[in-house]
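> This is start.cif, which holds mmCIF, C-alpha atoms and all ligand atoms:
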data_entry
#
loop_
_atom_site.label_atom_id
_atom_site.label_comp_id
_atom_site.auth_asym_id
_atom_site.auth_seq_id
_atom_site.Cartn_x
_atom_site.Cartn_y
_atom_site.Cartn_z
CA MET A 1 -71.01 142.01 -10.82
CA LYS A 2 -68.47 139.19 -10.33
CA VAL A 3 -64.70 139.10 -10.41
CA ILE A 4 -62.52 136.33 -11.78
CA ASP A 5 -58.74 136.03 -11.74
CA LYS A 6 -57.28 136.09 -15.25
CA PRO A 7 -55.63 132.62 -14.95
CA GLU A 8 -58.97 131.23 -13.76
CA PHE A 9 -60.79 132.73 -16.76
CA GLU A 10 -58.16 131.33 -19.13
CA ALA A 11 -58.47 127.90 -17.49
CA LEU A 12 -62.25 128.04 -17.98
CA LEU A 13 -61.82 128.82 -21.67
CA ASP A 14 -59.16 126.14 -22.12
CA GLU A 15 -61.45 123.62 -20.49
CA THR A 16 -64.27 124.63 -22.88
CA ILE A 17 -61.92 124.32 -25.87
CA ALA A 18 -60.78 120.87 -24.70
CA SER A 19 -64.32 119.66 -23.97
CA ASP A 20 -65.30 119.95 -27.65
CA ARG A 21 -68.85 120.85 -26.61
CA ARG A 22 -68.78 124.12 -28.49
CA ASP A 23 -66.27 125.79 -30.80
CA VAL A 24 -64.54 128.68 -29.10
CA VAL A 25 -63.51 131.67 -31.20
CA GLY A 26 -61.87 134.84 -30.00
CA VAL A 27 -59.91 137.94 -30.92
CA GLN A 28 -56.31 137.25 -31.89
CA ASP A 29 -53.40 139.12 -33.44
CA ASP A 30 -52.58 137.49 -36.79
CA GLY A 31 -49.39 139.53 -37.19
CA GLU A 32 -50.97 142.24 -39.34
CA LYS A 33 -54.46 142.75 -37.99
CA TYR A 34 -56.70 141.64 -35.19
CA VAL A 35 -59.17 138.96 -36.23
CA PHE A 36 -61.85 136.75 -34.72
CA ASP A 37 -60.61 133.21 -35.30
CA ASP A 38 -60.72 129.70 -33.83
CA LEU A 39 -59.13 129.76 -30.40
CA ARG A 40 -56.70 126.93 -29.69
CA SER A 41 -55.58 128.31 -26.34
CA ALA A 42 -56.89 131.11 -24.14
CA ALA A 43 -53.32 132.45 -24.06
CA ASP A 44 -53.79 133.49 -27.73
CA LEU A 45 -56.55 135.97 -26.87
CA ALA A 46 -55.71 139.63 -27.56
CA LEU A 47 -58.37 141.52 -25.63
CA GLU A 48 -56.37 144.76 -25.75
CA TYR A 49 -57.17 145.06 -29.49
CA ASP A 50 -58.40 148.21 -31.26
CA VAL A 51 -60.70 146.71 -33.92
CA THR A 52 -60.94 143.46 -35.88
CA MET A 53 -61.01 143.47 -39.68
CA LEU A 54 -64.38 141.66 -39.76
CA SER A 55 -66.90 141.68 -36.97
CA PRO A 56 -68.26 138.53 -35.28
CA LYS A 57 -71.24 138.85 -37.63
CA LYS A 58 -69.29 136.38 -39.80
CA TYR A 59 -70.19 133.56 -37.38
CA LEU A 60 -73.92 134.35 -37.35
CA MET A 61 -74.27 135.19 -41.02
CA PRO A 62 -71.24 133.67 -42.77
CA GLN A 63 -69.88 135.18 -45.99
CA ARG A 64 -71.23 132.11 -47.81
CA GLU A 65 -73.55 129.42 -46.44
CA THR A 66 -75.94 126.72 -47.59
CA ILE A 67 -79.39 127.46 -46.27
CA LEU A 68 -81.50 124.75 -47.93
CA GLU A 69 -80.84 121.41 -49.59
CA TYR A 70 -83.20 119.75 -52.08
CA ARG A 71 -83.86 116.51 -53.86
CA ASP A 72 -85.75 116.48 -57.15
CA THR A 73 -87.73 113.29 -57.77
CA ASP A 74 -89.35 113.58 -61.22
CA GLY A 75 -90.23 117.23 -60.61
CA GLU A 76 -91.32 116.71 -57.00
CA PHE A 77 -88.99 118.84 -54.89
CA GLU A 78 -88.21 117.81 -51.34
CA TRP A 79 -86.64 120.67 -49.39
CA ARG A 80 -84.67 120.31 -46.21
CA ALA A 81 -83.30 123.07 -44.03
CA LYS A 82 -79.55 122.75 -43.62
CA ALA A 83 -78.82 121.48 -40.12
CA GLU A 84 -76.74 123.99 -38.21
CA PRO A 85 -73.73 122.91 -36.19
CA ASP A 86 -73.66 123.72 -32.49
CA GLY A 87 -73.19 127.37 -31.73
CA LYS A 88 -69.98 129.04 -30.74
CA VAL A 89 -68.54 130.76 -27.74
CA ILE A 90 -67.36 134.11 -29.12
CA VAL A 91 -64.88 135.86 -26.86
CA GLY A 92 -63.85 139.51 -26.79
CA ILE A 93 -66.66 141.33 -28.62
CA HIS A 94 -66.45 145.10 -28.27
CA PRO A 95 -69.67 146.87 -27.25
CA TYR A 96 -70.27 148.46 -30.69
CA ASP A 97 -70.23 144.99 -32.28
CA LEU A 98 -72.69 143.75 -29.66
CA VAL A 99 -74.97 146.64 -30.60
CA ALA A 100 -74.63 145.62 -34.26
CA ILE A 101 -75.63 142.03 -33.38
CA GLU A 102 -78.67 143.34 -31.49
CA GLN A 103 -79.68 145.20 -34.65
CA LEU A 104 -79.29 142.02 -36.71
CA ASP A 105 -81.36 140.09 -34.13
CA LYS A 106 -84.17 142.58 -34.58
CA ILE A 107 -84.09 142.07 -38.34
CA PHE A 108 -83.34 138.34 -38.68
CA ILE A 109 -85.13 136.96 -35.61
CA ASP A 110 -87.85 139.40 -34.56
CA THR A 111 -88.90 140.47 -38.06
CA LEU A 112 -87.83 138.02 -40.79
CA ARG A 113 -87.57 134.82 -38.71
CA ASP A 114 -84.48 133.73 -40.62
CA GLU A 115 -83.79 130.17 -39.40
CA PRO A 116 -80.09 129.84 -40.33
CA TYR A 117 -79.36 133.07 -38.44
CA ARG A 118 -81.64 132.31 -35.50
CA GLN A 119 -80.16 128.86 -34.88
CA LYS A 120 -76.59 130.12 -34.90
CA ARG A 121 -77.45 133.15 -32.77
CA GLU A 122 -79.42 131.28 -30.14
CA ASN A 123 -76.73 128.60 -29.85
CA SER A 124 -73.95 131.12 -29.40
CA LEU A 125 -72.56 132.54 -26.19
CA LEU A 126 -71.37 136.13 -26.57
CA ILE A 127 -68.58 137.25 -24.25
CA GLY A 128 -67.99 140.97 -24.57
CA ALA A 129 -64.90 142.93 -23.59
CA ASN A 130 -64.87 146.59 -22.66
CA MET A 131 -62.56 148.56 -24.95
CA GLN A 132 -58.93 149.17 -24.05
CA ASP A 133 -57.99 150.65 -27.40
CA ALA A 134 -59.80 152.07 -30.44
CA SER A 135 -59.05 152.31 -34.12
CA GLU A 136 -58.09 155.84 -35.20
CA THR A 137 -61.08 155.82 -37.58
CA ALA A 138 -63.67 154.81 -34.96
CA PHE A 139 -66.26 157.20 -33.56
CA ALA A 140 -68.39 154.84 -31.47
CA ALA A 141 -68.55 157.22 -28.51
CA SER A 142 -70.46 159.70 -30.71
CA MET A 143 -72.88 156.94 -31.74
CA GLY A 144 -73.54 155.87 -28.14
CA THR A 145 -72.10 152.40 -28.79
CA ALA A 146 -68.72 152.54 -27.04
CA THR A 147 -70.24 150.84 -24.01
CA THR A 148 -73.38 148.79 -23.62
CA ASP A 149 -75.40 147.18 -20.86
CA SER A 150 -77.15 144.65 -23.12
CA GLY A 151 -76.54 142.20 -25.94
CA TYR A 152 -73.99 140.02 -24.13
CA ASP A 153 -74.06 136.86 -22.05
CA LEU A 154 -70.97 138.03 -20.18
CA MET A 155 -69.03 141.30 -20.33
CA LEU A 156 -65.42 141.50 -19.21
CA THR A 157 -63.62 144.59 -17.98
CA ASP A 158 -59.87 144.34 -17.50
CA LEU A 159 -58.90 145.33 -13.96
CA GLY A 160 -55.24 144.31 -14.17
CA GLU A 161 -54.87 140.96 -12.41
CA THR A 162 -58.58 140.20 -12.70
CA TYR A 163 -61.61 140.66 -14.93
CA ALA A 164 -64.79 142.24 -13.64
CA VAL A 165 -67.63 140.24 -15.18
CA ASN A 166 -71.11 141.58 -15.81
CA ILE A 167 -73.57 138.73 -16.24
CA GLY A 168 -76.17 139.43 -18.92
CA THR A 169 -78.03 136.11 -19.22
CA LEU A 170 -78.68 132.81 -17.49
CA GLU A 171 -76.47 131.09 -20.10
CA GLY A 172 -73.66 133.45 -19.15
CA LYS A 173 -74.16 132.67 -15.46
CA GLU A 174 -74.11 128.92 -16.17
CA PHE A 175 -70.91 129.27 -18.20
CA LEU A 176 -69.22 130.62 -15.08
CA ASN A 177 -70.64 127.87 -12.83
CA SER A 178 -67.54 125.70 -12.71
CA ALA A 179 -65.16 128.65 -12.20
CA ASP A 180 -63.96 130.23 -9.00
CA VAL A 181 -65.59 133.70 -9.03
CA ARG A 182 -66.40 136.13 -6.26
CA LYS A 183 -68.72 139.11 -5.85
CA ALA A 184 -67.16 142.42 -6.89
CA THR A 185 -66.37 144.89 -4.13
CA ALA A 186 -67.95 148.36 -4.18
CA GLN A 187 -64.54 149.74 -5.22
CA GLU A 188 -64.33 147.34 -8.18
CA VAL A 189 -67.86 148.26 -9.30
CA GLN A 190 -66.89 151.94 -9.14
CA GLU A 191 -63.71 151.27 -11.12
CA VAL A 192 -65.69 149.61 -13.94
CA GLU A 193 -68.05 152.60 -14.01
CA ARG A 194 -65.07 154.96 -14.15
CA ILE A 195 -63.48 153.01 -17.02
CA GLU A 196 -66.76 153.08 -18.99
CA GLN A 197 -67.47 156.74 -18.33
CA GLU A 198 -63.95 158.21 -18.53
CA ASP A 199 -61.35 155.90 -20.11
CA VAL A 200 -63.45 154.46 -22.94
CA PRO A 201 -64.74 157.79 -24.39
CA ASP A 202 -61.15 159.11 -24.28
CA LEU A 203 -60.00 156.38 -26.68
CA PHE A 204 -61.70 158.01 -29.68
CA GLU A 205 -60.01 160.56 -31.93
CA ARG A 206 -63.03 161.07 -34.18
CA GLU A 207 -66.48 162.39 -33.37
CA LEU A 208 -69.73 163.52 -34.96
CA ASP A 209 -70.27 167.28 -34.64
CA PHE A 210 -73.92 166.74 -33.70
CA SER A 211 -76.24 164.27 -31.99
CA PRO A 212 -76.88 161.08 -34.05
CA ALA A 213 -80.58 161.64 -33.31
CA LEU A 214 -80.44 164.37 -35.98
CA LEU A 215 -79.07 162.05 -38.66
CA PRO A 216 -82.37 160.97 -40.27
CA THR A 217 -83.41 164.60 -40.73
CA ILE A 218 -79.98 165.69 -41.99
CA LEU A 219 -79.97 162.87 -44.54
CA GLU A 220 -83.51 163.52 -45.67
CA GLU A 221 -82.64 167.17 -46.24
CA ASN A 222 -79.63 166.15 -48.36
CA TYR A 223 -81.33 163.50 -50.45
CA ASP A 224 -81.46 165.74 -53.53
CA ASN A 225 -78.04 167.27 -52.92
CA MET A 226 -76.57 165.44 -55.94
CA GLU A 227 -73.66 167.85 -56.21
CA PHE A 228 -72.46 166.61 -52.81
CA TRP A 229 -72.98 162.92 -53.62
CA GLU A 230 -71.28 163.24 -57.02
CA ASP A 231 -68.27 165.09 -55.59
CA TYR A 232 -67.86 162.74 -52.66
CA SER A 233 -68.15 159.54 -54.69
CA GLU A 234 -65.94 160.65 -57.58
CA LYS A 235 -63.03 158.42 -56.57
CA CYS A 236 -65.14 155.43 -55.50
CA LEU A 237 -64.11 152.18 -57.20
CA SER A 238 -67.43 150.40 -56.50
CA CYS A 239 -65.43 147.58 -54.91
CA GLY A 240 -68.00 146.99 -52.17
CA THR A 241 -65.38 146.65 -49.42
CA CYS A 242 -67.16 149.20 -47.22
CA ASN A 243 -70.26 146.95 -47.29
CA MET A 244 -68.33 143.73 -46.72
CA VAL A 245 -66.55 144.88 -43.57
CA CYS A 246 -69.60 146.54 -42.03
CA PRO A 247 -71.08 144.77 -38.97
CA THR A 248 -74.59 146.08 -39.68
CA CYS A 249 -74.76 145.39 -43.44
CA TYR A 250 -76.85 142.28 -44.02
CA CYS A 251 -77.74 142.14 -47.72
CA PHE A 252 -77.17 138.83 -49.47
CA SER A 253 -77.66 137.14 -52.83
CA VAL A 254 -79.07 133.65 -53.20
CA ASP A 255 -77.71 131.03 -55.64
CA MET A 256 -79.50 127.81 -56.60
CA ILE A 257 -76.84 125.18 -57.23
CA ARG A 258 -77.62 121.82 -58.86
CA ASP A 259 -75.00 119.14 -58.22
CA LEU A 260 -74.15 117.98 -61.74
CA GLY A 261 -75.18 114.43 -62.58
CA THR A 262 -77.42 114.12 -59.53
CA ASN A 263 -81.03 114.93 -58.64
CA SER A 264 -80.08 117.07 -55.70
CA GLY A 265 -78.75 120.52 -55.02
CA ARG A 266 -78.77 123.37 -52.61
CA GLU A 267 -79.65 126.99 -52.11
CA SER A 268 -76.80 129.04 -50.78
CA ARG A 269 -76.41 132.70 -49.92
CA ARG A 270 -73.45 135.03 -49.97
CA TRP A 271 -72.87 138.58 -48.80
CA ASP A 272 -73.82 141.26 -51.29
CA GLY A 273 -73.30 145.02 -51.11
CA CYS A 274 -75.14 148.08 -52.35
CA LEU A 275 -71.94 149.72 -53.58
CA LEU A 276 -71.39 146.95 -56.13
CA GLU A 277 -72.39 148.00 -59.61
CA ASP A 278 -74.89 145.21 -60.29
CA PHE A 279 -76.50 145.19 -56.83
CA ALA A 280 -79.65 146.93 -58.05
CA SER A 281 -79.71 145.30 -61.51
CA VAL A 282 -82.90 143.54 -62.45
CA ALA A 283 -84.22 141.66 -65.49
CA GLY A 284 -84.65 143.74 -68.64
CA ASP A 285 -81.19 145.27 -68.29
CA GLU A 286 -82.41 147.83 -65.76
CA ASN A 287 -80.32 149.10 -62.90
CA PHE A 288 -82.08 151.21 -60.28
CA ARG A 289 -78.80 152.75 -59.11
CA GLU A 290 -76.62 152.85 -62.19
CA GLU A 291 -74.49 155.83 -61.10
CA VAL A 292 -71.90 155.51 -58.37
CA ALA A 293 -73.22 158.69 -56.73
CA GLU A 294 -76.65 157.06 -56.39
CA ARG A 295 -75.11 153.97 -54.80
CA HIS A 296 -73.10 156.12 -52.41
CA ARG A 297 -76.12 158.11 -51.42
CA HIS A 298 -78.08 154.91 -50.88
CA ARG A 299 -75.45 153.48 -48.52
CA PHE A 300 -75.39 156.54 -46.29
CA MET A 301 -79.17 157.03 -46.42
CA ARG A 302 -79.66 153.43 -45.39
CA LYS A 303 -77.27 153.66 -42.47
CA GLY A 304 -78.66 156.86 -41.03
CA TRP A 305 -82.25 157.14 -42.23
CA TYR A 306 -83.95 154.15 -43.92
CA ILE A 307 -83.08 151.59 -41.24
CA TYR A 308 -84.04 154.09 -38.55
CA GLU A 309 -87.44 154.58 -40.20
CA ARG A 310 -88.03 150.84 -40.35
CA TYR A 311 -86.43 149.47 -37.19
CA GLY A 312 -85.67 152.51 -35.02
CA ASP A 313 -81.88 152.03 -35.15
CA ILE A 314 -79.09 154.10 -36.66
CA ALA A 315 -77.32 151.36 -38.63
CA CYS A 316 -73.83 152.78 -38.20
CA ILE A 317 -72.25 151.87 -34.89
CA GLY A 318 -69.10 153.91 -35.53
CA CYS A 319 -66.55 151.07 -35.73
CA GLY A 320 -64.61 152.85 -38.51
CA ARG A 321 -63.91 149.63 -40.44
CA CYS A 322 -65.24 151.01 -43.74
CA THR A 323 -62.99 154.07 -43.41
CA SER A 324 -59.88 151.99 -42.67
CA GLU A 325 -60.44 149.56 -45.52
CA CYS A 326 -61.52 151.94 -48.32
CA VAL A 327 -58.55 152.36 -50.67
CA ALA A 328 -60.09 155.48 -52.24
CA ASP A 329 -60.67 157.09 -48.84
CA VAL A 330 -64.30 157.96 -49.56
CA ALA A 331 -66.24 155.64 -47.25
CA ASP A 332 -66.00 157.57 -43.97
CA PRO A 333 -69.49 158.02 -42.42
CA CYS A 334 -68.21 160.40 -39.74
CA ASP A 335 -66.78 162.72 -42.39
CA VAL A 336 -69.82 162.43 -44.67
CA TYR A 337 -72.31 163.07 -41.88
CA ASN A 338 -70.36 166.05 -40.52
CA LYS A 339 -70.17 167.55 -44.01
CA LEU A 340 -73.90 167.02 -44.57
CA HIS A 341 -74.58 168.67 -41.24
CA GLN A 342 -72.52 171.67 -42.39
CA GLU A 343 -74.53 171.77 -45.64
CA VAL A 344 -77.77 171.94 -43.65
CA GLN A 345 -76.39 174.70 -41.43
CA ALA A 346 -75.14 176.67 -44.44
CA HIS A 347 -78.59 176.54 -46.07
CA ALA A 348 -80.28 177.57 -42.83
CA GLN A 349 -78.29 180.82 -42.70
S1 LIG A 401 -66.53 153.77 -50.89
FE1 LIG A 401 -64.47 152.84 -50.90
S2 LIG A 401 -64.73 150.75 -50.10
FE2 LIG A 401 -66.78 151.52 -50.67
S3 LIG A 401 -67.08 150.80 -52.78
FE3 LIG A 401 -66.21 152.87 -52.93
S4 LIG A 401 -63.98 152.55 -53.08
FE4 LIG A 401 -64.88 150.59 -52.35
S1 LIG A 402 -70.82 152.21 -41.85
FE1 LIG A 402 -68.62 151.98 -41.42
S2 LIG A 402 -68.33 152.87 -39.38
FE2 LIG A 402 -70.54 152.52 -39.65
S3 LIG A 402 -70.89 150.47 -38.77
FE3 LIG A 402 -70.52 150.17 -40.97
S4 LIG A 402 -68.31 149.78 -41.14
FE4 LIG A 402 -68.68 150.64 -39.10
#
Can you give me the file's structure in the form of structure tokens?
Ligand code: SF4
Ligand code: SF4


Amino acid sequence: MKVIDKPEFEALLDETIASDRRDVVGVQDDGEKYVFDDLRSAADLALEYDVTMLSPKKYLMPQRETILEYRDTDGEFEWRAKAEPDGKVIVGIHPYDLVAIEQLDKIFIDTLRDEPYRQKRENSLLIGANMQDASETAFAASMGTATTDSGYDLMLTDLGETYAVNIGTLEGKEFLNSADVRKATAQEVQEVERIEQEDVPDLFERELDFSPALLPTILEENYDNMEFWEDYSEKCLSCGTCNMVCPTCYCFSVDMIRDLGTNSGRESRRWDGCLLEDFASVAGDENFREEVAERHRHRFMRKGWYIYERYGDIACIGCGRCTSECVADVADPCDVYNKLHQEVQAHAQ
């Protein structure tokens, strides 16, 4: 572990911003919410934040992006992958969002080999920040994602006048090369451990009443509990906001766009969400999940069971964004999972 004075860290970031080698983005206070946005000066960073409205996923899998371009010469199509700009330095990522990115890596790099994602991910430098505050809807400590020892190039812990810096990768180490850093003392190492083990878990007001390892079984047992899903989803507006703000949701739709009057066009993708009414619509006027209760059930099953079955991860990292942003107040996974756990216990008696 290394230690860097805060002014030295800010100078390093400012130098990176000025060098134009890579875009630097970081957590900032926009007056209403905390957001990841382009960083013009390291002084604008707000690392004491609780949660950002969108996660840094938006830089690796943007809300809308062109993935392929084509030229049509008399029916002969020539396809070209869209060249990706240089990656970004992303500063201030909370541990739960790093865990979410690790889940996306498993899906988009290890399994699907999705080039637009891979290029952006591998060209990005992820600088994490241990939590100093938490949203009142978050329950990351219950999900085991409030701290992490992987997924970052560098991880900062605020020690007052300095940052303790855990180095996760060679790229992270090289980023620090030009800065004045020193080895952490045994006392500083202990203080970081104390913050992670005592201060961070204390930030959370919400918790699961059971171990998340039980989630797949609890969900499976409640699959046919339509009374629960119908009651819980009654007020849902099918707006899809809970999907859009989620750092682990990765569904997208693809549009083929022909530039009018030309022989060229592009294929672009945009975020999609399983709570939207037409998400499961197919040709022939069929919709596999026509009822809102079915869409609700699908979302929670996917987070806690289907993804686990396929990739070994619980796809809810407990950030609480869906709960905060749902106007109908029916998107809260912590509440849903605790209630389903109670249902299982009630039936067992
Ligand atoms: S649960 Fe809430 S955020 Fe999600 S679709 Fe329904 S109303 Fe929208
Ligand atoms: S389901 Fe909600 S709490 Fe869980 S990761 Fe997604 S946005 Fe965060």

> Please compute the CA of Met61 (chain A)-CA of Pro116 (chain A) distance, one decimal, in Å.

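Atom-to-atom, CA of Met61 (chain A) to CA of Pro116 (chain A), that is 7.9 Å.
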
> Step by step, measure atom-to-atom distances between ligand LIG 401 (chain A) and each residue using all atoms listed in the file, keep those at most 10 Å, then write them as a PyMOL selection string.

chain A and resi 232-245+273-277+292-293+295-296+299+321-333

> Please identify all polymer residues within 12 Å of Asn177 (chain A), counting only C-alpha atoms, omitting same-chain residues fewer than 3 positions from it, and present them as a ChimeraX atom specification.

/A:2,4,9,12,167,170-174,180-182

> Can you measure CA of Ile93 (chain A) to CA of Tyr337 (chain A) for me? One decimal in Å is fine.

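According to the coordinates, CA of Ile93 (chain A) and CA of Tyr337 (chain A) are separated by 26.1 Å.
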
> Mind giving me the straight-line distance from CA of Tyr70 (chain A) to CA of Tyr117 (chain A) in Å, one decimal?

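Going from CA of Tyr70 (chain A) over to CA of Tyr117 (chain A) covers 19.4 Å.
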
> What are the centre and the three edge lengths of an axis-aligned box that wraps all atoms of region 260-275 of chain A in the file, given that 6 Å is added to every side, written as AutoDock Vina command-line options and rounded to one decimal in Å?


--center_x -76.5 --center_y 131.9 --center_z -55.7 --size_x 21.1 --size_y 47.6 --size_z 25.8

> At a cut-off of 7 Å, using only C-alpha atoms, what residues contact Val35 (chain A)? Leave out same-chain residues fewer than 2 positions from it and give the result as a list of chain:residue names.

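So the residues in contact are A:Val27, A:Gln28, A:Asp29, A:Asp30, A:Lys33, A:Asp37, A:Thr52, A:Met53, A:Leu54.
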
> Considering all atoms listed in the file, state which residue in the set A:Asn130, A:Thr148, A:Ser55, A:Thr248 is at the smallest distance from ligand LIG 402 (chain A).

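Ranked by minimum distance to ligand LIG 402 (chain A), first place goes to A:Thr248.
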
> Compile the contact shell of region 73-84 of chain A as a PyMOL selection string: residues with an atom at most 8 Å away, counting all atoms listed in the file, same-chain residues fewer than 5 positions apart removed.

chain A and resi 66-68+116+119-120+263

> Nearest to Tyr34 (chain A) among A:Asp224, A:Glu267, A:Glu69, A:Asp50, with distances taken over all atoms listed in the file: which residue is it?

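Of the candidates, the smallest distance to Tyr34 (chain A) is held by A:Asp50.
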
> Quick one: everything within 8 Å of region 17-19 of chain A, counting only C-alpha atoms, minus sequence neighbours fewer than 4 positions away in the same chain. Send it as a PDB file with C-alpha atoms, in the frame of the given file.


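Resulting contents of selection_39.pdb:
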ATOM      1  CA  LEU A  13     -61.820 128.820 -21.670  1.00  0.00           C
ATOM      2  CA  ASP A  23     -66.270 125.790 -30.800  1.00  0.00           C
ATOM      3  CA  VAL A  24     -64.540 128.680 -29.100  1.00  0.00           C
ATOM      4  CA  LEU A  39     -59.130 129.760 -30.400  1.00  0.00           C
ATOM      5  CA  ARG A  40     -56.700 126.930 -29.690  1.00  0.00           C
ATOM      6  CA  SER A  41     -55.580 128.310 -26.340  1.00  0.00           C
TER       7      SER A  41
END

> From the set A:Gly92, A:Gly304, A:Gly87, A:Gly144, which residue has the shortest atom-to-atom contact distance to Gly128 (chain A), counting all atoms listed in the file?

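Distance minimum relative to Gly128 (chain A) lands on A:Gly92.
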
> Counting all atoms listed in the file, what is within 7 Å of Ile317 (chain A), bar same-chain residues fewer than 5 positions away, as JSON, numbers by chain?

{"A": [96, 100, 140, 143, 145]}

> Restricting the calculation to all atoms listed in the file: of A:Ile218, A:Gly265, A:His298, A:Glu291, which residue gets closest to Glu343 (chain A)?

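Of all the options, A:Ile218 lies closest to Glu343 (chain A).
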
> Nearest residue to ligand LIG 402 (chain A) out of A:Val192, A:Ile314, A:Leu47, A:Ala346, using all atoms listed in the file?

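Counting all atoms listed in the file, the residue closest to ligand LIG 402 (chain A) is A:Ile314.
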